[in-house]
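Below is structure30.cif, holding mmCIF, C-alpha atoms (C1' of nucleotides).
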```cif
data_start
#
loop_
_atom_site.label_atom_id
_atom_site.label_comp_id
_atom_site.auth_asym_id
_atom_site.auth_seq_id
_atom_site.Cartn_x
_atom_site.Cartn_y
_atom_site.Cartn_z
CA MET A 1 0.00 0.00 0.00
CA SER A 2 3.07 2.23 0.42
CA THR A 3 3.40 4.31 -2.66
CA LEU A 4 2.36 3.27 -6.10
CA ASP A 5 5.03 2.23 -8.57
CA GLN A 6 5.58 3.32 -12.14
CA LEU A 7 3.28 0.67 -13.45
CA ASP A 8 0.39 1.66 -11.21
CA ARG A 9 0.78 5.24 -12.31
CA ALA A 10 0.85 4.30 -15.96
CA LEU A 11 -2.34 2.35 -15.37
CA LEU A 12 -3.96 5.34 -13.69
CA ALA A 13 -2.90 7.56 -16.56
CA ALA A 14 -4.38 5.12 -19.06
CA LEU A 15 -7.61 5.04 -17.09
CA ALA A 16 -7.65 8.82 -16.96
CA ALA A 17 -7.52 8.85 -20.74
CA ASP A 18 -10.46 6.46 -21.02
CA HIS A 19 -12.24 5.67 -17.82
CA ARG A 20 -14.33 2.89 -19.30
CA ALA A 21 -11.59 1.11 -21.19
CA THR A 22 -11.71 -2.65 -20.91
CA VAL A 23 -8.99 -4.56 -19.11
CA VAL A 24 -7.86 -5.98 -22.43
CA ALA A 25 -7.56 -2.50 -23.95
CA LEU A 26 -5.59 -1.25 -20.95
CA ALA A 27 -3.26 -4.24 -21.13
CA GLU A 28 -2.63 -3.65 -24.80
CA ARG A 29 -2.00 0.04 -24.27
CA LEU A 30 0.53 -0.61 -21.53
CA GLY A 31 2.13 -3.62 -23.17
CA LEU A 32 1.25 -5.86 -20.26
CA SER A 33 -0.61 -9.10 -19.94
CA ARG A 34 -4.27 -9.07 -19.19
CA ASN A 35 -3.62 -10.91 -15.95
CA THR A 36 -1.26 -8.26 -14.64
CA VAL A 37 -3.63 -5.41 -15.38
CA GLN A 38 -6.49 -7.26 -13.76
CA ALA A 39 -4.43 -7.86 -10.63
CA ARG A 40 -3.18 -4.28 -10.48
CA LEU A 41 -6.61 -2.83 -10.99
CA ALA A 42 -8.01 -4.96 -8.20
CA ARG A 43 -5.18 -3.86 -5.94
CA LEU A 44 -5.69 -0.19 -6.76
CA GLU A 45 -9.38 -0.52 -6.12
CA ALA A 46 -8.78 -2.27 -2.81
CA SER A 47 -6.13 0.20 -1.69
CA GLY A 48 -8.49 3.13 -2.10
CA ALA A 49 -6.56 4.85 -4.86
CA PHE A 50 -9.86 5.65 -6.54
CA ALA A 51 -11.98 8.28 -4.90
CA SER A 52 -15.65 8.39 -5.76
CA PHE A 53 -16.41 8.75 -9.42
CA GLU A 54 -18.63 11.69 -8.43
CA ARG A 55 -15.49 13.79 -8.59
CA ALA A 56 -15.32 13.22 -12.29
CA ILE A 57 -18.84 14.48 -12.97
CA ASP A 58 -19.12 18.04 -14.19
CA PRO A 59 -21.80 19.98 -12.26
CA ALA A 60 -22.40 22.40 -15.15
CA PRO A 61 -24.58 20.05 -17.23
CA LEU A 62 -26.69 19.47 -14.13
CA GLY A 63 -27.71 23.10 -14.33
CA TYR A 64 -25.07 24.60 -12.03
CA PRO A 65 -22.75 26.60 -14.25
CA LEU A 66 -21.35 28.86 -11.55
CA GLU A 67 -18.81 27.89 -8.95
CA ALA A 68 -17.67 29.85 -5.92
CA PHE A 69 -15.50 29.56 -2.87
CA VAL A 70 -16.78 30.71 0.48
CA ALA A 71 -14.18 31.34 3.17
CA VAL A 72 -15.89 30.86 6.53
CA HIS A 73 -14.73 32.19 9.89
CA VAL A 74 -16.15 30.08 12.68
CA ARG A 75 -16.50 30.71 16.38
CA GLN A 76 -14.03 28.30 17.91
CA LYS A 77 -15.22 24.97 19.29
CA ARG A 78 -18.29 24.98 17.09
CA LEU A 79 -16.55 23.71 13.99
CA SER A 80 -18.11 20.27 13.84
CA GLU A 81 -21.64 21.57 14.35
CA VAL A 82 -21.08 24.22 11.73
CA VAL A 83 -19.77 21.67 9.26
CA GLU A 84 -22.78 19.49 9.86
CA ARG A 85 -25.17 22.35 9.15
CA ILE A 86 -23.28 23.47 6.07
CA ALA A 87 -23.23 19.92 4.76
CA ALA A 88 -27.02 20.05 4.72
CA ILE A 89 -26.95 22.64 1.94
CA PRO A 90 -27.15 20.69 -1.33
CA GLU A 91 -25.16 23.21 -3.39
CA VAL A 92 -22.15 22.65 -1.16
CA LEU A 93 -19.84 20.33 -3.07
CA GLN A 94 -16.94 20.13 -0.68
CA ALA A 95 -15.34 21.82 2.30
CA HIS A 96 -11.84 21.84 3.72
CA GLY A 97 -10.78 22.73 7.22
CA LEU A 98 -7.87 25.14 6.98
CA SER A 99 -4.99 26.34 9.07
CA GLY A 100 -4.78 30.11 9.27
CA SER A 101 -7.36 32.81 9.69
CA VAL A 102 -10.02 31.17 7.56
CA ASP A 103 -11.41 28.10 9.29
CA LEU A 104 -13.37 26.57 6.48
CA LEU A 105 -13.10 26.80 2.73
CA VAL A 106 -16.41 25.80 1.19
CA ARG A 107 -16.82 25.07 -2.47
CA VAL A 108 -20.30 25.66 -3.83
CA VAL A 109 -22.04 25.62 -7.18
CA CYS A 110 -25.07 27.67 -8.13
CA ARG A 111 -27.43 28.46 -10.95
CA ASP A 112 -26.71 32.19 -11.07
CA ALA A 113 -25.49 35.12 -9.01
CA HIS A 114 -28.76 35.45 -7.17
CA ASP A 115 -28.59 31.82 -6.23
CA LEU A 116 -25.08 32.36 -4.89
CA PHE A 117 -26.32 35.23 -2.76
CA ARG A 118 -28.96 32.95 -1.27
CA ILE A 119 -26.51 30.14 -0.54
CA ASP A 120 -24.05 32.53 1.03
CA GLY A 121 -26.91 33.73 3.22
CA GLU A 122 -27.65 30.17 4.27
CA ILE A 123 -24.05 29.66 5.31
CA LEU A 124 -23.93 32.96 7.15
CA ALA A 125 -27.11 32.05 9.00
CA VAL A 126 -25.54 28.96 10.51
CA ASP A 127 -25.09 29.31 14.24
CA GLY A 128 -21.38 29.61 14.99
CA VAL A 129 -20.45 31.28 11.70
CA GLU A 130 -18.98 34.72 12.33
CA ARG A 131 -18.19 35.93 8.86
CA THR A 132 -17.88 34.75 5.29
CA GLU A 133 -15.95 35.98 2.28
CA THR A 134 -17.33 34.79 -0.99
CA SER A 135 -15.34 34.70 -4.20
CA LEU A 136 -16.92 33.77 -7.47
CA SER A 137 -14.78 31.56 -9.65
CA MET A 138 -14.07 33.29 -12.94
CA GLY A 139 -12.83 30.07 -14.44
CA GLU A 140 -10.72 27.01 -13.79
CA LEU A 141 -7.52 28.53 -15.12
CA ILE A 142 -5.58 25.35 -14.47
CA PRO A 143 -7.98 22.46 -14.96
CA TYR A 144 -7.51 19.67 -12.48
CA ARG A 145 -4.70 17.43 -13.55
CA LEU A 146 -2.59 14.72 -12.02
CA GLY A 147 -0.51 14.11 -15.10
CA PRO A 148 2.66 15.86 -13.94
CA LEU A 149 2.65 13.78 -10.77
CA LEU A 150 1.97 10.55 -12.64
CA ASP A 151 4.88 11.14 -15.05
CA ARG A 152 7.72 10.63 -12.66
CA MET B 1 -27.56 19.23 -24.16
CA SER B 2 -29.69 21.56 -22.01
CA THR B 3 -29.95 20.11 -18.55
CA LEU B 4 -29.88 16.45 -17.74
CA ASP B 5 -33.11 14.74 -16.82
CA GLN B 6 -33.95 12.50 -13.90
CA LEU B 7 -32.80 9.44 -15.75
CA ASP B 8 -29.42 10.86 -16.63
CA ARG B 9 -28.90 11.80 -13.03
CA ALA B 10 -29.88 8.37 -11.80
CA LEU B 11 -27.40 6.93 -14.24
CA LEU B 12 -24.67 9.25 -12.97
CA ALA B 13 -25.49 8.28 -9.41
CA ALA B 14 -25.28 4.60 -10.31
CA LEU B 15 -21.93 5.18 -11.98
CA ALA B 16 -20.71 7.09 -8.95
CA ALA B 17 -21.48 4.04 -6.86
CA ASP B 18 -19.51 1.74 -9.16
CA HIS B 19 -17.54 3.44 -11.85
CA ARG B 20 -16.67 0.26 -13.68
CA ALA B 21 -20.10 -1.33 -13.64
CA THR B 22 -21.09 -2.94 -16.92
CA VAL B 23 -23.90 -1.49 -19.00
CA VAL B 24 -25.97 -4.55 -18.20
CA ALA B 25 -25.46 -4.06 -14.47
CA LEU B 26 -26.43 -0.39 -14.71
CA ALA B 27 -29.54 -1.25 -16.70
CA GLU B 28 -30.57 -3.80 -14.12
CA ARG B 29 -29.96 -1.39 -11.28
CA LEU B 30 -32.07 1.34 -12.86
CA GLY B 31 -34.76 -0.97 -14.18
CA LEU B 32 -34.11 0.08 -17.76
CA SER B 33 -33.29 -1.77 -20.91
CA ARG B 34 -29.70 -2.28 -21.86
CA ASN B 35 -30.28 -0.30 -25.04
CA THR B 36 -31.48 2.76 -23.22
CA VAL B 37 -28.56 2.81 -20.85
CA GLN B 38 -26.14 2.39 -23.72
CA ALA B 39 -27.70 5.30 -25.60
CA ARG B 40 -27.76 7.53 -22.51
CA LEU B 41 -24.19 6.76 -21.60
CA ALA B 42 -23.03 7.59 -25.10
CA ARG B 43 -24.95 10.85 -24.95
CA LEU B 44 -23.51 11.78 -21.57
CA GLU B 45 -20.04 11.01 -22.81
CA ALA B 46 -20.56 13.07 -25.94
CA SER B 47 -22.10 16.00 -24.08
CA GLY B 48 -19.09 16.36 -21.82
CA ALA B 49 -20.86 15.50 -18.59
CA PHE B 50 -17.81 13.48 -17.58
CA ALA B 51 -14.73 15.42 -16.68
CA SER B 52 -11.42 13.63 -16.74
CA PHE B 53 -11.23 10.55 -14.58
CA GLU B 54 -8.08 12.09 -13.11
CA ARG B 55 -10.40 13.94 -10.77
CA ALA B 56 -11.36 10.66 -9.20
CA ILE B 57 -7.82 9.62 -8.39
CA ASP B 58 -6.66 10.22 -4.85
CA PRO B 59 -3.23 11.92 -4.77
CA ALA B 60 -2.42 10.53 -1.32
CA PRO B 61 -1.44 7.01 -2.49
CA LEU B 62 0.89 8.66 -5.02
CA GLY B 63 2.92 9.92 -2.09
CA TYR B 64 1.30 13.33 -1.65
CA PRO B 65 -0.64 13.16 1.59
CA LEU B 66 -0.80 16.90 2.25
CA GLU B 67 -3.02 19.34 0.47
CA ALA B 68 -2.97 23.12 0.65
CA PHE B 69 -4.57 26.18 -0.87
CA VAL B 70 -2.43 29.09 -1.95
CA ALA B 71 -4.21 32.41 -2.44
CA VAL B 72 -2.17 34.41 -4.94
CA HIS B 73 -2.28 38.17 -5.47
CA VAL B 74 -1.12 39.03 -8.96
CA ARG B 75 0.01 42.28 -10.48
CA GLN B 76 -2.75 43.16 -12.88
CA LYS B 77 -2.43 42.35 -16.57
CA ARG B 78 0.08 39.61 -15.92
CA LEU B 79 -2.47 36.98 -14.99
CA SER B 80 -2.11 34.70 -18.01
CA GLU B 81 1.70 34.66 -17.81
CA VAL B 82 1.52 33.94 -14.11
CA VAL B 83 -0.92 31.09 -14.66
CA GLU B 84 1.34 29.62 -17.29
CA ARG B 85 4.32 29.67 -14.96
CA ILE B 86 2.37 28.25 -12.05
CA ALA B 87 1.01 25.48 -14.26
CA ALA B 88 4.60 24.34 -14.79
CA ILE B 89 4.83 23.30 -11.13
CA PRO B 90 3.87 19.62 -11.00
CA GLU B 91 2.44 19.76 -7.49
CA VAL B 92 -0.18 22.25 -8.62
CA LEU B 93 -3.38 20.28 -9.11
CA GLN B 94 -5.74 23.03 -10.07
CA ALA B 95 -6.22 26.78 -10.01
CA HIS B 96 -9.23 29.03 -10.17
CA GLY B 97 -9.34 32.68 -11.13
CA LEU B 98 -11.38 34.52 -8.52
CA SER B 99 -13.33 37.69 -8.17
CA GLY B 100 -12.34 39.73 -5.14
CA SER B 101 -9.02 40.57 -3.59
CA VAL B 102 -7.41 37.22 -4.25
CA ASP B 103 -6.75 36.76 -7.94
CA LEU B 104 -5.87 33.11 -8.02
CA LEU B 105 -6.70 30.20 -5.77
CA VAL B 106 -4.17 27.45 -6.33
CA ARG B 107 -4.64 23.95 -5.01
CA VAL B 108 -1.44 22.04 -4.39
CA VAL B 109 -0.39 18.74 -2.92
CA CYS B 110 2.91 18.01 -1.24
CA ARG B 111 4.89 15.32 0.53
CA ASP B 112 5.35 17.22 3.80
CA ALA B 113 5.46 20.70 5.31
CA HIS B 114 8.94 21.36 4.04
CA ASP B 115 7.81 20.47 0.56
CA LEU B 116 4.93 22.91 0.87
CA PHE B 117 7.33 25.65 1.87
CA ARG B 118 9.36 24.97 -1.25
CA ILE B 119 6.32 24.98 -3.54
CA ASP B 120 5.03 28.17 -2.00
CA GLY B 121 8.45 29.67 -2.67
CA GLU B 122 8.22 28.63 -6.31
CA ILE B 123 4.88 30.33 -6.68
CA LEU B 124 6.10 33.46 -4.94
CA ALA B 125 9.12 33.57 -7.22
CA VAL B 126 6.95 33.82 -10.32
CA ASP B 127 7.29 37.20 -11.96
CA GLY B 128 4.04 39.11 -11.49
CA VAL B 129 3.10 37.48 -8.18
CA GLU B 130 2.90 40.08 -5.44
CA ARG B 131 1.93 38.06 -2.44
CA THR B 132 0.65 34.63 -1.40
CA GLU B 133 -1.28 33.34 1.55
CA THR B 134 -0.92 29.65 2.10
CA SER B 135 -3.37 27.58 4.11
CA LEU B 136 -2.73 23.96 4.85
CA SER B 137 -5.78 21.75 4.57
CA MET B 138 -6.48 20.09 7.89
CA GLY B 139 -8.89 17.69 6.25
CA GLU B 140 -11.69 17.42 3.74
CA LEU B 141 -14.46 18.03 6.26
CA ILE B 142 -17.14 17.66 3.64
CA PRO B 143 -15.86 15.13 1.12
CA TYR B 144 -16.73 15.99 -2.45
CA ARG B 145 -20.23 14.92 -3.26
CA LEU B 146 -22.80 15.55 -5.94
CA GLY B 147 -25.45 13.35 -4.40
CA PRO B 148 -27.67 16.11 -3.05
CA LEU B 149 -27.76 17.72 -6.48
CA LEU B 150 -28.44 14.43 -8.25
CA ASP B 151 -31.39 13.62 -5.97
CA ARG B 152 -33.79 16.24 -7.26
"C1'" DT C 1 -54.62 11.79 -36.50
"C1'" DT C 2 -49.81 11.84 -37.72
"C1'" DC C 3 -45.36 12.30 -36.69
"C1'" DC C 4 -41.42 12.21 -33.54
"C1'" DG C 5 -38.02 10.77 -30.34
"C1'" DA C 6 -37.28 7.66 -26.60
"C1'" DT C 7 -37.64 3.10 -25.07
"C1'" DT C 8 -37.96 -1.89 -25.49
"C1'" DG C 9 -36.77 -6.81 -26.44
"C1'" DA C 10 -34.75 -9.85 -29.58
"C1'" DG C 11 -30.90 -11.64 -31.99
"C1'" DC C 12 -26.11 -12.31 -33.30
"C1'" DA C 13 -21.06 -12.43 -33.92
"C1'" DA C 14 -17.17 -10.76 -31.74
"C1'" DC C 15 -15.12 -9.84 -27.72
"C1'" DA C 16 -14.24 -9.43 -22.46
"C1'" DT C 17 -14.40 -11.35 -17.89
"C1'" DG C 18 -13.22 -14.12 -14.00
"C1'" DC C 19 -10.99 -17.80 -12.90
"C1'" DT C 20 -7.29 -21.34 -12.60
"C1'" DC C 21 -2.85 -23.31 -13.71
"C1'" DA C 22 1.87 -24.02 -14.94
"C1'" DG C 23 5.86 -21.68 -16.45
"C1'" DT C 24 9.30 -17.76 -16.46
"C1'" DC C 25 11.93 -14.12 -14.55
"C1'" DG C 26 14.75 -11.30 -11.32
"C1'" DA C 27 15.74 -10.06 -6.65
"C1'" DT C 28 16.86 -11.07 -2.06
"C1'" DA C 29 18.30 -14.58 1.31
"C1'" DC C 30 21.16 -18.27 2.97
"C1'" DG D 1 24.92 -21.21 -6.23
"C1'" DT D 2 20.64 -22.47 -5.23
"C1'" DA D 3 16.35 -21.86 -2.74
"C1'" DT D 4 12.62 -19.06 -2.21
"C1'" DC D 5 9.61 -15.35 -3.17
"C1'" DG D 6 6.53 -12.23 -5.54
"C1'" DA D 7 5.31 -10.41 -9.88
"C1'" DC D 8 4.42 -11.33 -14.53
"C1'" DT D 9 2.98 -14.25 -18.53
"C1'" DG D 10 0.26 -17.06 -21.78
"C1'" DA D 11 -3.06 -20.59 -22.17
"C1'" DG D 12 -7.62 -22.31 -21.56
"C1'" DC D 13 -12.57 -22.30 -20.68
"C1'" DA D 14 -17.40 -21.31 -19.41
"C1'" DT D 15 -20.07 -17.51 -18.95
"C1'" DG D 16 -21.25 -12.75 -19.50
"C1'" DT D 17 -20.91 -8.37 -22.19
"C1'" DT D 18 -20.58 -5.36 -26.15
"C1'" DG D 19 -21.88 -3.09 -30.27
"C1'" DC D 20 -24.82 -3.38 -33.54
"C1'" DT D 21 -29.29 -3.72 -36.10
"C1'" DC D 22 -34.21 -4.39 -36.39
"C1'" DA D 23 -39.18 -4.06 -35.68
"C1'" DA D 24 -42.52 -2.91 -32.24
"C1'" DT D 25 -44.44 0.14 -28.73
"C1'" DC D 26 -45.45 4.25 -26.28
"C1'" DG D 27 -46.52 9.17 -25.05
"C1'" DG D 28 -46.29 13.80 -26.27
"C1'" DA D 29 -46.39 17.73 -29.71
"C1'" DA D 30 -47.86 19.59 -34.17
#
```

Turn this file's structure into structure tokens for me.
Amino acid sequence: MSTLDQLDRALLAALAADHRATVVALAERLGLSRNTVQARLARLEASGAFASFERAIDPAPLGYPLEAFVAVHVRQKRLSEVVERIAAIPEVLQAHGLSGSVDLLVRVVCRDAHDLFRIDGEILAVDGVERTETSLSMGELIPYRLGPLLDR
Amino acid sequence: MSTLDQLDRALLAALAADHRATVVALAERLGLSRNTVQARLARLEASGAFASFERAIDPAPLGYPLEAFVAVHVRQKRLSEVVERIAAIPEVLQAHGLSGSVDLLVRVVCRDAHDLFRIDGEILAVDGVERTETSLSMGELIPYRLGPLLDR
DNA sequence: TTCCGATTGAGCAACATGCTCAGTCGATAC
DNA sequence: GTATCGACTGAGCATGTTGCTCAATCGGAA
């Protein structure tokens, strides 16, 4: 489980290129036997190298074209309650606890600017939240990529 | 291409649960014919509803257990050059252009705190970058999810 | 009604899967 | 040097899946 070797990474890269490729196709692409790929895939799956496939679904076609980050300042000691309440908002995609002055970085999607205003209000209304700073994403200037880390 | 219907969303949810499920298995799960699922899947694929599968790969098993957000203040007009330079850093996973006082929110992974210090230094050294504020992620308190948006 | 797109079930050849087994290879151990 | 180990390979086989086409059905919109 330590760290993945070159072969695992090549397999991940091949999967990234075509997430529904068959085992046979992957084996051919990597110049490996079918058996090896099957074993490696099973090991990757078991070791938790794959996060949920939800991460690879674009929210825009669902009708949520706008994305924003809400930096939340929380009254100390209330963090877990606050997280629980924020998690109840459907438009919240993800949230990270942070070191530093911002306690919580919340990633949200919304239908339009008005919708964002409403969601921000919902977060601000949570008991324990002191202040929020909302930044609208103007675009994913570097689209998520793992490539440079896989090519090593 | 407008917005996806109930059926598309159910299909996405089923895929999220098992990203390598066969078409037959998906059809069974949703109570649909194999043909329908095959047609829908092809349409989703063609319409760009799937982002790269890279997004569903956990960087931790690759040897990058730490994640951080670097808020970057950029001298105006230099944004595209700065983005280009930052994109050359392999540990940079993603970056969003933001409205507000922070111009760029950069998501990075690293091996340890020392590594983060180095990467932050690399970003700060980019010509056009005025200032950075780095926050270490203490955990993904709300793990990425689309579920609440799919269940509507 | 008439048309339309979406869905269905059937059928078929080609292919993929899951499994097992015996053989090969290189590294580390003794 | 040779024993042992884990990883990889190629073969085989029954069963399941894919990609495709077709004709039939259904409900909604013109």

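Picked out by the PyMOL selection byres ((chain C and resi 6) around 9) when it runs on this file: Thr36 of chain B; DG5 and DT7 of chain C; DC26 of chain D.
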
Counting only C-alpha atoms (C1' of nucleotides), which residues of chain C come no farther than 12 Å from chain B, as a compact mmCIF listing (two decimals) with C-alpha atoms (C1' of nucleotides), in the coordinates of the input?
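Saved result, iface.txt, follows:
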```txt
# COMPACT_ATOMS: atom_id res chain seq x y z
C1' DA C 6 -37.28 7.66 -26.60
C1' DT C 7 -37.64 3.10 -25.07
C1' DT C 8 -37.96 -1.89 -25.49
C1' DG C 9 -36.77 -6.81 -26.44
C1' DA C 10 -34.75 -9.85 -29.58
C1' DA C 16 -14.24 -9.43 -22.46
C1' DT C 17 -14.40 -11.35 -17.89
```

Using the chain letters and residue numbers of this document, give as a CSV table (one decimal) with C-alpha atoms (C1' of nucleotides), in the frame of the given file the residues selected by the PyMOL selection byres ((chain D) within 12 of (chain A)).
```csv
chain,number,residue,atom,x,y,z
D,7,DA,C1',5.3,-10.4,-9.9
D,8,DC,C1',4.4,-11.3,-14.5
D,9,DT,C1',3.0,-14.2,-18.5
D,10,DG,C1',0.3,-17.1,-21.8
D,11,DA,C1',-3.1,-20.6,-22.2
D,17,DT,C1',-20.9,-8.4,-22.2
D,18,DT,C1',-20.6,-5.4,-26.2
```

Please evaluate the PyMOL selection byres ((chain B) within 8 of (chain A)) against the structure above and give the resulting residues as JSON, numbers by chain.
-> {"B": [1, 2, 3, 4, 12, 13, 15, 16, 17, 18, 19, 20, 48, 49, 50, 51, 52, 53, 54, 55, 56, 57, 58, 59, 60, 61, 62, 63, 83, 87, 90, 91, 93, 94, 95, 96, 97, 98, 99, 100, 135, 136, 137, 138, 139, 140, 141, 142, 143, 144, 145, 146, 148, 149, 150]}

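For the pair atom CA of B:Gln38 and atom C1' of D:DA23, the separation is 18.8 Å.
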
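Across the structure, atom CA of B:Arg118 and atom CA of A:Val70 are spaced 26.8 Å apart.
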
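The nearest approach to D:DC22 among the residues C:DC4, C:DC12, C:DA29, C:DC21, with only C-alpha atoms (C1' of nucleotides) taken into account, belongs to C:DC12.
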
Can you complete the atoms of stretch 86-100 of chain B to N, CA, C and O atoms and list them as a compact mmCIF listing (two decimals), in the coordinates of the input?
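This is the output file part21.txt:
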```txt
# COMPACT_ATOMS: atom_id res chain seq x y z
N ILE B 86 2.81 29.07 -13.18
CA ILE B 86 2.37 28.25 -12.05
C ILE B 86 1.99 26.84 -12.52
O ILE B 86 2.23 25.85 -11.84
N ALA B 87 1.42 26.78 -13.73
CA ALA B 87 1.01 25.48 -14.26
C ALA B 87 2.21 24.57 -14.50
O ALA B 87 2.07 23.35 -14.60
N ALA B 88 3.40 25.15 -14.56
CA ALA B 88 4.60 24.34 -14.79
C ALA B 88 5.06 23.63 -13.52
O ALA B 88 5.92 22.76 -13.58
N ILE B 89 4.47 23.97 -12.39
CA ILE B 89 4.83 23.30 -11.13
C ILE B 89 4.00 22.03 -11.01
O ILE B 89 2.79 22.09 -11.00
N PRO B 90 4.64 20.87 -10.95
CA PRO B 90 3.87 19.62 -11.00
C PRO B 90 2.91 19.45 -9.83
O PRO B 90 1.85 18.85 -10.00
N GLU B 91 3.28 19.96 -8.66
CA GLU B 91 2.44 19.76 -7.49
C GLU B 91 1.16 20.58 -7.51
O GLU B 91 0.30 20.44 -6.64
N VAL B 92 1.05 21.47 -8.48
CA VAL B 92 -0.18 22.25 -8.62
C VAL B 92 -1.23 21.37 -9.29
O VAL B 92 -1.02 20.90 -10.41
N LEU B 93 -2.33 21.14 -8.57
CA LEU B 93 -3.38 20.28 -9.11
C LEU B 93 -4.38 21.05 -9.93
O LEU B 93 -4.96 20.54 -10.87
N GLN B 94 -4.60 22.30 -9.53
CA GLN B 94 -5.74 23.03 -10.07
C GLN B 94 -5.62 24.48 -9.67
O GLN B 94 -4.99 24.79 -8.65
N ALA B 95 -6.17 25.39 -10.44
CA ALA B 95 -6.22 26.78 -10.01
C ALA B 95 -7.44 27.46 -10.58
O ALA B 95 -7.83 27.22 -11.73
N HIS B 96 -8.06 28.27 -9.75
CA HIS B 96 -9.23 29.03 -10.17
C HIS B 96 -8.91 30.52 -10.14
O HIS B 96 -8.27 31.00 -9.20
N GLY B 97 -9.36 31.22 -11.16
CA GLY B 97 -9.34 32.68 -11.13
C GLY B 97 -10.53 33.15 -10.31
O GLY B 97 -11.62 32.61 -10.45
N LEU B 98 -10.31 34.10 -9.43
CA LEU B 98 -11.38 34.52 -8.52
C LEU B 98 -11.72 35.99 -8.69
O LEU B 98 -10.86 36.80 -9.06
N SER B 99 -12.96 36.30 -8.39
CA SER B 99 -13.33 37.69 -8.17
C SER B 99 -12.88 38.05 -6.76
O SER B 99 -12.70 37.17 -5.92
N GLY B 100 -12.70 39.33 -6.50
CA GLY B 100 -12.34 39.73 -5.14
C GLY B 100 -10.86 40.04 -5.02
O GLY B 100 -10.16 40.16 -6.02
```
